[in-house]
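Visitor: Have a look at the structure that comes next, please.
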Amino acid sequence: MKLLDVILYSKSRALDKTFTYSVSDNLADKICIGKRVLVPFGKKNNIAIGIILKVREDQHSPDEINDIKSIFDVIDETPLISETQIALALWIKKEYLSTYIDSFNLFMPPPDIKNIKLSYALNNNIHYVPSMEENIILKLFEKSDNFINIDSLPQIPDKNINDVIKKMTDNSILLQKYIVNKVSIDRQLKFYSKNKKVKEEEGLERIPKNAKKQIDIWLSAWPKEEMTLNELYEEFNTSYSTIFKLIEKNLLVEAVKKVNNNIITSEIPYYDKHNLNQEQKYAFERIIEGKSNSFLIHGITGSGKTEIYLQLVEEMLKENKSSIILVPEILLTPQIIERFVGRFGQRVAVLHSKLTLLQKLDQWYKIKRGELDIVIGARSAVFAPINRLGLLIIDEEHENSYKSSVDPKYNTIDVALKRCELEGAKLILGSATPSIESYYNAKNSIYELLEIKNRVESSSLPMIDVVDMRDEINNGNTSIFSRLLYDKILKTIQRKQQVILFLNKRGYSSFVSCRKCGYVVKCDSCDVSMTSHKQKNRLICHYCGKTKRFPNHCPVCGSEKFKEFGIGTEKLETVTKNMFPNAKVKRVDSDTIIHRDDYKEVYEAMKNNEIDILIGTQMISKGFDFPNVSLVGIVAADTTIFIPDFRSSERSFQLITQVSGRAGRGRVNGNVIIQTYNPDHYSIRYAKENDYENFYNTEINLRKEFQYPPFTNIVLITVYGPNPDDVKSEIIDQYNNFSEILEKNGHDISMISKPHVAPIEKINNNFRYQVTIKYSNKLKYELLNYIDWVFIKNRDKKRYKLNKLSIDIDPVNIL
């Protein structure tokens, strides 16, 4: 008899282990590692879903076998997760202290099980005399050879039907089976269109004169020829009865059609292959022919990294291998999708969070079946079920979005490195501003470093000017715009060229304060000031999303004199429109980019020169490659420099450099104006000179002096909950327990910081305390075991039942 090691779909830490099940002979041929199974669980044998991790031969005694439960059924026809992927999932569980199911869910398809129904069938091999109650049930089975859902069974007077069914099942009169109903990818919808055979006047004669809604639908120009019911409801604010009456009058035609799950809905022209220049060709050949399997391409903005990626993917296809290309945010990079689909057509899968469930399922299974062998996606696409992986590319590898913020809090680069190691694929990291850790690893031969120092087609880097805003104020200019930036904008739009203005702060103003006593309006649920949003006429918390009306008077002193301080993109847009009234101005931030196609519309408008001045947050720092953008203005370069985080200077340098790189990418020369109150800060000085090497040298020396990554590893542990005393008490208890283990095992307890209030003390009504642990690679797994023992396995959950715990290994920020 075969035995299975199964993990269950359960978030409970108590069930975070494998469970042993046996397999009946009729299911033995269906068993395979990586398939899902239905299993009984608990004293009442409730139905549960599990994943098979291991299949082994029985080595138990006959008495022990009787205690092992047997699985109900096998759900999948083929394995959903390969043995290599299982190895990677187990590595993630160990590396990030996650549960089995959190790690394995990364590799599974989107939710594809609609429901599980308990059903019964008649056992025709049993002959017996049924009771009166049993006879009522048996008559139902005479009409069906199939399993019947328990919900379809009739009620029996004065009897509990479940008792009757149980008795019949125990006596093998009825056979029991769980039926798994999966989501159908091939969904059909009803579409409605106007009857083209009926003329407009003739149609009006069929509609009563007082039926205004019917007349409106019949006479109006529809946005498209065919519309679904929901689209008609939304477009005409109507009801089904109105639509039905038009169908009865033969004015509307109903047709049932298969829903199109295609991701790429518009025609994308072929993207021509470009000849590689000397630097590009060298990088390409090193990757294809070199012995290394991991590379960092450090190429300045506009150096043609995407064309190298395209030709590497083409090379993989020649070798019958697949490729994964990761981008920070897929919706913010329509250009890279255009280029890959334009080059490789229908072989490309696109994965991102804005797809519908059916689109996600359709893409996932097409990739799994090998119908699509190029995958473009955001962070989670690193787990795509692609076969014969030959190449994994991480573009803009420095971006924070490659670190997951939910459990398991994995680092995409580390996961990609491990996956490539397990599958024998090549890993390519690319950036104009590599993370300090990645560049350090390249300098120390963990990756092969490939430098590209020139832009393609001999275009030059933009000229960068730094404006000291203190001088502007001293000279009487209190405007958002320095005189230089104002003059440059005016001349640029006069030349019919485009401008990008960057400000990494959305909203109208940063905070609202009483001018009499200094009171600042804060969020009731968070320890942060609320941001003014004029278009919504609300104050909004950017951490929990709560809103407030603008105050009429100060709750402290009663004064009605309030002033808004600071500037956000909304205010920048207002000021820009006032100062340049003839310019076409568009704002891009998370307040304006709400729906799936919003960003694409802005992208198309920029491409077609329908926008003169584009204003935005970091959304516009990547993915934009427009030849007519000749001026970039960085309105406030200081916004990220002084955030209390050891990576703040690095982020400032990266943002300034990346945004600057949007200028001068075509035949026109580019110009960048950086406005700052700290022109001597090294991140701004080196960004002005496009001098990554010296920025890196300065930053790496600071990291070494203060023992930050890459010289140490960091674990950030945050305890949070509604009661600040309970939160503080738990973090102190955990700190003491952990310190005791360190001392017992001969380690210096200074590697763990003393408990402290988090930089943002309260978020969403949860008070937050933290400890940070620094350790070397040599101690990594020993320390992770201690953390697992103290903070996870031995937490006093009863005493601190309202508290929650976050363990972030190698965090991207420590706020």
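So you can find residues: chains in the structure tokens are A, B, ... in the order shown, residues in each start at 1, and ligands are numbered from 1 in order.
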What's the 12 Å shell around Tyr603 of chain A, counting only C-alpha atoms, without same-chain residues fewer than 3 positions away, as a JSON list (two decimals) with N, CA, C and O atoms, in the first residue's frame?

Guide:
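New file out01.json:
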```
[["chain", "number", "residue", "atom", "x", "y", "z"],
["A", 331, "LEU", "N", 1.77, 47.13, -15.22],
["A", 331, "LEU", "CA", 0.89, 48.14, -15.80],
["A", 331, "LEU", "C", 1.62, 49.44, -16.10],
["A", 331, "LEU", "O", 1.16, 50.25, -16.91],
["A", 332, "LEU", "N", 2.77, 49.64, -15.43],
["A", 332, "LEU", "CA", 3.53, 50.87, -15.64],
["A", 332, "LEU", "C", 4.59, 50.71, -16.72],
["A", 332, "LEU", "O", 5.39, 51.61, -16.94],
["A", 333, "THR", "N", 4.61, 49.57, -17.37],
["A", 333, "THR", "CA", 5.63, 49.34, -18.40],
["A", 333, "THR", "C", 4.98, 48.81, -19.69],
["A", 333, "THR", "O", 5.32, 47.74, -20.18],
["A", 334, "PRO", "N", 4.02, 49.57, -20.27],
["A", 334, "PRO", "CA", 3.38, 49.09, -21.51],
["A", 334, "PRO", "C", 4.35, 48.97, -22.66],
["A", 334, "PRO", "O", 4.16, 48.17, -23.56],
["A", 335, "GLN", "N", 5.42, 49.76, -22.60],
["A", 335, "GLN", "CA", 6.38, 49.76, -23.70],
["A", 335, "GLN", "C", 7.10, 48.42, -23.83],
["A", 335, "GLN", "O", 7.30, 47.90, -24.93],
["A", 338, "GLU", "N", 4.78, 45.98, -25.40],
["A", 338, "GLU", "CA", 4.70, 46.25, -26.84],
["A", 338, "GLU", "C", 5.88, 45.64, -27.58],
["A", 338, "GLU", "O", 5.73, 45.04, -28.65],
["A", 586, "LYS", "N", -1.09, 66.87, -17.76],
["A", 586, "LYS", "CA", -1.69, 65.62, -17.26],
["A", 586, "LYS", "C", -0.94, 65.16, -16.03],
["A", 586, "LYS", "O", 0.29, 65.26, -15.96],
["A", 587, "ARG", "N", -1.70, 64.66, -15.05],
["A", 587, "ARG", "CA", -1.10, 64.17, -13.79],
["A", 587, "ARG", "C", -1.22, 62.65, -13.73],
["A", 587, "ARG", "O", -2.26, 62.09, -14.04],
["A", 588, "VAL", "N", -0.13, 62.00, -13.28],
["A", 588, "VAL", "CA", -0.11, 60.54, -13.12],
["A", 588, "VAL", "C", 0.32, 60.20, -11.70],
["A", 588, "VAL", "O", 1.46, 60.41, -11.32],
["A", 593, "ILE", "N", -4.61, 57.19, -11.60],
["A", 593, "ILE", "CA", -4.50, 55.90, -12.29],
["A", 593, "ILE", "C", -5.24, 54.87, -11.44],
["A", 593, "ILE", "O", -4.69, 54.29, -10.50],
["A", 597, "ASP", "N", -6.84, 50.43, -17.64],
["A", 597, "ASP", "CA", -6.35, 51.04, -18.87],
["A", 597, "ASP", "C", -5.96, 52.51, -18.71],
["A", 597, "ASP", "O", -5.56, 53.16, -19.68],
["A", 598, "ASP", "N", -6.07, 53.05, -17.48],
["A", 598, "ASP", "CA", -5.78, 54.48, -17.28],
["A", 598, "ASP", "C", -4.35, 54.83, -17.67],
["A", 598, "ASP", "O", -4.09, 55.83, -18.33],
["A", 599, "TYR", "N", -3.40, 54.01, -17.22],
["A", 599, "TYR", "CA", -1.99, 54.30, -17.48],
["A", 599, "TYR", "C", -1.68, 54.17, -18.97],
["A", 599, "TYR", "O", -0.93, 54.97, -19.54],
["A", 600, "LYS", "N", -2.31, 53.18, -19.59],
["A", 600, "LYS", "CA", -2.07, 52.96, -21.02],
["A", 600, "LYS", "C", -2.56, 54.15, -21.83],
["A", 600, "LYS", "O", -1.94, 54.55, -22.82],
["A", 606, "MET", "N", 1.03, 60.44, -24.46],
["A", 606, "MET", "CA", 2.40, 60.94, -24.50],
["A", 606, "MET", "C", 3.08, 60.55, -25.82],
["A", 606, "MET", "O", 3.77, 61.37, -26.44],
["A", 607, "LYS", "N", 2.85, 59.33, -26.23],
["A", 607, "LYS", "CA", 3.48, 58.83, -27.46],
["A", 607, "LYS", "C", 3.02, 59.62, -28.68],
["A", 607, "LYS", "O", 3.79, 59.87, -29.61],
["A", 608, "ASN", "N", 1.75, 60.06, -28.64],
["A", 608, "ASN", "CA", 1.18, 60.80, -29.77],
["A", 608, "ASN", "C", 1.30, 62.32, -29.60],
["A", 608, "ASN", "O", 0.64, 63.07, -30.32],
["A", 609, "ASN", "N", 2.14, 62.75, -28.64],
["A", 609, "ASN", "CA", 2.37, 64.18, -28.40],
["A", 609, "ASN", "C", 1.09, 64.95, -28.07],
["A", 609, "ASN", "O", 0.94, 66.12, -28.44],
["A", 610, "GLU", "N", 0.17, 64.29, -27.37],
["A", 610, "GLU", "CA", -1.08, 64.94, -26.97],
["A", 610, "GLU", "C", -0.95, 65.56, -25.57],
["A", 610, "GLU", "O", -1.91, 66.17, -25.07],
["A", 611, "ILE", "N", 0.20, 65.39, -24.93],
["A", 611, "ILE", "CA", 0.47, 65.98, -23.62],
["A", 611, "ILE", "C", 1.73, 66.82, -23.73],
["A", 611, "ILE", "O", 2.75, 66.37, -24.27],
["A", 614, "LEU", "N", 3.81, 66.47, -18.39],
["A", 614, "LEU", "CA", 3.35, 65.32, -17.61],
["A", 614, "LEU", "C", 3.88, 65.45, -16.19],
["A", 614, "LEU", "O", 5.08, 65.59, -15.98],
["A", 619, "MET", "N", 5.71, 56.70, -10.40],
["A", 619, "MET", "CA", 5.08, 55.98, -11.51],
["A", 619, "MET", "C", 5.72, 56.33, -12.86],
["A", 619, "MET", "O", 5.73, 55.51, -13.77],
["A", 620, "ILE", "N", 6.21, 57.57, -12.99],
["A", 620, "ILE", "CA", 6.76, 58.00, -14.29],
["A", 620, "ILE", "C", 8.28, 57.87, -14.33],
["A", 620, "ILE", "O", 8.90, 58.29, -15.30],
["A", 622, "LYS", "N", 9.91, 55.13, -14.56],
["A", 622, "LYS", "CA", 10.33, 53.96, -15.33],
["A", 622, "LYS", "C", 9.31, 53.69, -16.44],
["A", 622, "LYS", "O", 8.16, 54.08, -16.36],
["A", 623, "GLY", "N", 9.77, 53.02, -17.48],
["A", 623, "GLY", "CA", 8.86, 52.59, -18.53],
["A", 623, "GLY", "C", 8.57, 53.63, -19.59],
["A", 623, "GLY", "O", 7.98, 53.31, -20.61],
["A", 624, "PHE", "N", 8.94, 54.87, -19.37],
["A", 624, "PHE", "CA", 8.68, 55.92, -20.35],
["A", 624, "PHE", "C", 9.91, 56.13, -21.22],
["A", 624, "PHE", "O", 10.97, 56.49, -20.73],
["A", 625, "ASP", "N", 9.75, 55.94, -22.52],
["A", 625, "ASP", "CA", 10.85, 56.15, -23.47],
["A", 625, "ASP", "C", 10.27, 56.92, -24.65],
["A", 625, "ASP", "O", 9.87, 56.35, -25.65],
["A", 626, "PHE", "N", 10.21, 58.25, -24.49],
["A", 626, "PHE", "CA", 9.59, 59.08, -25.51],
["A", 626, "PHE", "C", 10.63, 60.02, -26.10],
["A", 626, "PHE", "O", 11.24, 60.82, -25.39]]
```

Visitor: Write out as an MDAnalysis selection string each polymer residue whose atoms come within 8 Å of Val528 of chain A, counting only C-alpha atoms; drop sequence neighbours fewer than 3 positions from it.

Guide: chainID A and resid 522:523 541 760

Visitor: Check segment 157-368 of chain A with DSSP on the backbone and list each residue it calls strand (DSSP E), as a VMD selection string.

Guide: chain A and resid 174 to 182 188 to 194 227 to 228 252 to 258 294 to 299 322 to 326 348 to 351

Visitor: Could you name the residues that touch Leu252 of chain A at 6 Å or less, counting only C-alpha atoms, but leaving out those on the same chain fewer than 2 positions away, as a PyMOL selection string?

Guide: chain A and resi 193-195+246-247+250

Visitor: Save out the residues we just selected, N, CA, C and O atoms, as a short mmCIF file (atom, residue, chain, number, x, y, z; two decimals), in the first residue's frame.

Guide:
```cif
data_model
loop_
_atom_site.label_atom_id
_atom_site.label_comp_id
_atom_site.auth_asym_id
_atom_site.auth_seq_id
_atom_site.Cartn_x
_atom_site.Cartn_y
_atom_site.Cartn_z
N SER A 193 -27.28 43.54 -29.29
CA SER A 193 -26.98 44.53 -30.33
C SER A 193 -28.30 45.01 -30.93
O SER A 193 -29.34 44.36 -30.81
N LYS A 194 -28.24 46.17 -31.58
CA LYS A 194 -29.42 46.66 -32.28
C LYS A 194 -29.69 45.80 -33.52
O LYS A 194 -28.75 45.37 -34.19
N ASN A 195 -30.97 45.58 -33.82
CA ASN A 195 -31.36 44.82 -35.00
C ASN A 195 -31.14 45.69 -36.23
O ASN A 195 -31.85 46.67 -36.46
N LEU A 246 -37.51 45.47 -25.40
CA LEU A 246 -36.90 45.77 -26.70
C LEU A 246 -36.60 44.49 -27.48
O LEU A 246 -36.70 44.47 -28.72
N ILE A 247 -36.25 43.42 -26.76
CA ILE A 247 -36.03 42.12 -27.42
C ILE A 247 -37.37 41.59 -27.95
O ILE A 247 -37.45 41.09 -29.09
N ASN A 250 -38.33 42.88 -31.10
CA ASN A 250 -37.35 42.53 -32.15
C ASN A 250 -36.48 43.72 -32.53
O ASN A 250 -36.03 43.85 -33.67
#
```

Visitor: With only C-alpha atoms as the basis for distance, which of A:Lys249, A:Arg379, A:Lys166, A:Lys318 is at the shortest distance from Gly203 of chain A?

Guide: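 Residue with the minimum atom-to-atom distance to Gly203 of chain A: A:Lys249.
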
Visitor: Show me, as a list in words, the residues that have an atom within 12 Å of Leu317 of chain A when counting only C-alpha atoms, minus same-chain residues fewer than 5 positions from it.

Guide: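 What passes the distance filter is Leu310, Gln311, Leu312, Ser322, Ser323, Phe344, Arg347, Val348, Leu372, Asp373, Ile374, Arg388, Leu389, Gly390 and Leu391 of chain A.
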
Visitor: Would you export the selected residues with N, CA, C and O atoms as a PDB file, in the first residue's frame, please?

Guide:
```
ATOM      1  N   LEU A 310      15.657  41.113 -25.558  1.00  0.00           N
ATOM      2  CA  LEU A 310      14.895  40.540 -26.673  1.00  0.00           C
ATOM      3  C   LEU A 310      15.725  39.524 -27.455  1.00  0.00           C
ATOM      4  O   LEU A 310      15.237  38.440 -27.800  1.00  0.00           O
ATOM      5  N   GLN A 311      16.990  39.863 -27.706  1.00  0.00           N
ATOM      6  CA  GLN A 311      17.820  38.948 -28.489  1.00  0.00           C
ATOM      7  C   GLN A 311      18.249  37.723 -27.672  1.00  0.00           C
ATOM      8  O   GLN A 311      18.447  36.642 -28.218  1.00  0.00           O
ATOM      9  N   LEU A 312      18.360  37.891 -26.356  1.00  0.00           N
ATOM     10  CA  LEU A 312      18.635  36.722 -25.499  1.00  0.00           C
ATOM     11  C   LEU A 312      17.450  35.761 -25.511  1.00  0.00           C
ATOM     12  O   LEU A 312      17.626  34.533 -25.591  1.00  0.00           O
ATOM     13  N   SER A 322      12.471  28.276 -22.561  1.00  0.00           N
ATOM     14  CA  SER A 322      11.521  29.340 -22.232  1.00  0.00           C
ATOM     15  C   SER A 322      12.196  30.453 -21.438  1.00  0.00           C
ATOM     16  O   SER A 322      13.292  30.271 -20.901  1.00  0.00           O
ATOM     17  N   SER A 323      11.505  31.590 -21.349  1.00  0.00           N
ATOM     18  CA  SER A 323      12.067  32.747 -20.645  1.00  0.00           C
ATOM     19  C   SER A 323      11.010  33.417 -19.778  1.00  0.00           C
ATOM     20  O   SER A 323       9.826  33.439 -20.121  1.00  0.00           O
ATOM     21  N   PHE A 344       7.646  38.825 -30.646  1.00  0.00           N
ATOM     22  CA  PHE A 344       7.385  37.378 -30.541  1.00  0.00           C
ATOM     23  C   PHE A 344       5.913  36.987 -30.645  1.00  0.00           C
ATOM     24  O   PHE A 344       5.587  35.806 -30.608  1.00  0.00           O
ATOM     25  N   ARG A 347       3.337  34.131 -28.564  1.00  0.00           N
ATOM     26  CA  ARG A 347       4.072  33.246 -27.648  1.00  0.00           C
ATOM     27  C   ARG A 347       4.197  33.868 -26.255  1.00  0.00           C
ATOM     28  O   ARG A 347       4.709  33.240 -25.339  1.00  0.00           O
ATOM     29  N   VAL A 348       3.746  35.135 -26.118  1.00  0.00           N
ATOM     30  CA  VAL A 348       3.995  35.894 -24.895  1.00  0.00           C
ATOM     31  C   VAL A 348       2.793  35.835 -23.953  1.00  0.00           C
ATOM     32  O   VAL A 348       1.664  36.123 -24.357  1.00  0.00           O
ATOM     33  N   LEU A 372       2.507  28.858 -24.180  1.00  0.00           N
ATOM     34  CA  LEU A 372       3.168  30.159 -24.102  1.00  0.00           C
ATOM     35  C   LEU A 372       4.531  29.946 -23.454  1.00  0.00           C
ATOM     36  O   LEU A 372       4.607  29.367 -22.367  1.00  0.00           O
ATOM     37  N   ASP A 373       5.593  30.365 -24.116  1.00  0.00           N
ATOM     38  CA  ASP A 373       6.921  30.067 -23.588  1.00  0.00           C
ATOM     39  C   ASP A 373       7.736  31.325 -23.257  1.00  0.00           C
ATOM     40  O   ASP A 373       8.927  31.250 -22.985  1.00  0.00           O
ATOM     41  N   ILE A 374       7.086  32.492 -23.290  1.00  0.00           N
ATOM     42  CA  ILE A 374       7.710  33.740 -22.829  1.00  0.00           C
ATOM     43  C   ILE A 374       6.730  34.376 -21.850  1.00  0.00           C
ATOM     44  O   ILE A 374       5.576  34.636 -22.209  1.00  0.00           O
ATOM     45  N   ARG A 388      11.043  24.028 -19.199  1.00  0.00           N
ATOM     46  CA  ARG A 388      12.335  24.203 -19.876  1.00  0.00           C
ATOM     47  C   ARG A 388      12.859  25.630 -19.721  1.00  0.00           C
ATOM     48  O   ARG A 388      13.255  26.283 -20.697  1.00  0.00           O
ATOM     49  N   LEU A 389      12.873  26.130 -18.505  1.00  0.00           N
ATOM     50  CA  LEU A 389      13.334  27.505 -18.257  1.00  0.00           C
ATOM     51  C   LEU A 389      14.804  27.646 -18.637  1.00  0.00           C
ATOM     52  O   LEU A 389      15.660  26.917 -18.137  1.00  0.00           O
ATOM     53  N   GLY A 390      15.083  28.597 -19.520  1.00  0.00           N
ATOM     54  CA  GLY A 390      16.464  28.838 -19.924  1.00  0.00           C
ATOM     55  C   GLY A 390      16.992  30.175 -19.462  1.00  0.00           C
ATOM     56  O   GLY A 390      18.197  30.349 -19.278  1.00  0.00           O
ATOM     57  N   LEU A 391      16.052  31.151 -19.259  1.00  0.00           N
ATOM     58  CA  LEU A 391      16.472  32.520 -18.980  1.00  0.00           C
ATOM     59  C   LEU A 391      15.466  33.189 -18.053  1.00  0.00           C
ATOM     60  O   LEU A 391      14.257  33.088 -18.258  1.00  0.00           O
TER      61      LEU A 391
END
```

Visitor: Find the spatial neighbours of Val467 of chain A, counting only C-alpha atoms, within a cut-off of 12 Å - ignore same-chain residues fewer than 4 positions away - and output them as a PyMOL selection string.

Guide: chain A and resi 471-473+481-486+633-637+672-680+684-685+688

Visitor: Pick the closest to Arg343 of chain A from A:Lys321, A:Lys273, A:Lys744, A:His595: which is it, counting only C-alpha atoms?

Guide: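 Using only C-alpha atoms, the shortest distance to Arg343 of chain A belongs to A:Lys273.
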
Visitor: One decimal, in Å: what's the spacing between atom CA of Glu134 of chain A and atom CA of Gln176 of chain A?

Guide: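 Between atom CA of Glu134 of chain A and atom CA of Gln176 of chain A the gap works out to 15.6 Å.
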
Visitor: DSSP on the backbone, helix (DSSP H, G or I) only: what residues of segment 406-625 of chain A does that give? Format it as a VMD selection string.

Guide: chain A and resid 412 to 423 436 to 443 456 to 458 469 to 474 483 to 494 569 to 579 598 to 607 618 to 620

Visitor: Given only C-alpha atoms as the basis, pick out the residue of A:Phe107, A:Tyr439, A:Phe580, A:Phe511 nearest to Glu693 of chain A.

Guide: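 Of all the options, A:Tyr439 lies closest to Glu693 of chain A.
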
Visitor: I'd like the contact shell of Thr698 of chain A - 12 Å cut-off, only C-alpha atoms, skipping same-chain residues fewer than 6 positions apart - returned as a list in words.

Guide: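 Result of the neighbour search: Ile436, Ser649, Glu650, His681, Tyr682, Ser683, Arg685, Tyr686, Asp691, Tyr692, Lys704 and Glu705 of chain A.
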
Visitor: Output N, CA and C atoms of each residue in that selection to a file, as a compact mmCIF listing (two decimals), in the first residue's frame.

Guide:
```txt
# COMPACT_ATOMS: atom_id res chain seq x y z
N ILE A 436 22.76 48.55 -3.97
CA ILE A 436 24.11 48.44 -3.39
C ILE A 436 24.48 46.97 -3.21
N SER A 649 19.34 57.40 1.17
CA SER A 649 20.23 58.07 0.21
C SER A 649 20.29 57.28 -1.10
N GLU A 650 20.32 55.97 -0.98
CA GLU A 650 20.34 55.12 -2.18
C GLU A 650 19.07 55.34 -3.00
N HIS A 681 24.45 67.34 -0.74
CA HIS A 681 24.29 65.95 -0.31
C HIS A 681 24.85 65.03 -1.39
N TYR A 682 25.58 64.00 -0.98
CA TYR A 682 26.31 63.18 -1.95
C TYR A 682 25.39 62.48 -2.95
N SER A 683 24.16 62.14 -2.54
CA SER A 683 23.25 61.47 -3.48
C SER A 683 22.87 62.40 -4.62
N ARG A 685 24.75 65.22 -5.55
CA ARG A 685 25.99 65.57 -6.28
C ARG A 685 26.33 64.50 -7.31
N TYR A 686 26.28 63.23 -6.88
CA TYR A 686 26.66 62.15 -7.79
C TYR A 686 25.58 61.88 -8.84
N ASP A 691 27.25 59.71 -11.78
CA ASP A 691 28.44 59.01 -11.29
C ASP A 691 28.05 57.92 -10.29
N TYR A 692 27.62 56.78 -10.83
CA TYR A 692 27.21 55.69 -9.95
C TYR A 692 28.39 55.15 -9.15
N LYS A 704 29.52 49.75 5.60
CA LYS A 704 30.51 48.94 6.32
C LYS A 704 30.74 49.49 7.73
N GLU A 705 30.82 50.82 7.83
CA GLU A 705 31.07 51.45 9.13
C GLU A 705 29.95 51.18 10.12
```

Visitor: Find the residue from A:Leu461, A:Ile148, A:Leu503, A:Ile136 that sits nearest to Arg667 of chain A; use only C-alpha atoms when measuring.

Guide: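 Checking each candidate against Arg667 of chain A, we get A:Leu461 as the closest.
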
Visitor: Excluding Glu205 of chain A and any residue of its chain fewer than 5 positions from it, enumerate the residues within 12 Å of it, using only C-alpha atoms, and give them as a count of residues only.

Guide: 9

Visitor: Select, from A:Glu423, A:Asp102, A:Asp58, A:Glu451, the residue with the minimum atom-to-atom distance to Tyr410 of chain A, counting only C-alpha atoms.

Guide: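 The answer is A:Asp102, which sits nearest to Tyr410 of chain A.
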
Visitor: Just checking: using only C-alpha atoms, which residue out of A:Ile101, A:Ile749, A:Ile173, A:Leu38 ends up closest to Leu118 of chain A?

Guide: A:Leu38

Visitor: Quick one: pull the distance between atom CA of Glu226 of chain A and atom CA of Tyr192 of chain A, Å, one decimal.

Guide: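 Interatomic distance, atom CA of Glu226 of chain A to atom CA of Tyr192 of chain A: 5.4 Å.
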
Visitor: Between atom CA of Glu421 of chain A and atom CA of Met316 of chain A, measure the distance and give it in Å to one decimal.

Guide: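 Interatomic distance, atom CA of Glu421 of chain A to atom CA of Met316 of chain A: 17.0 Å.
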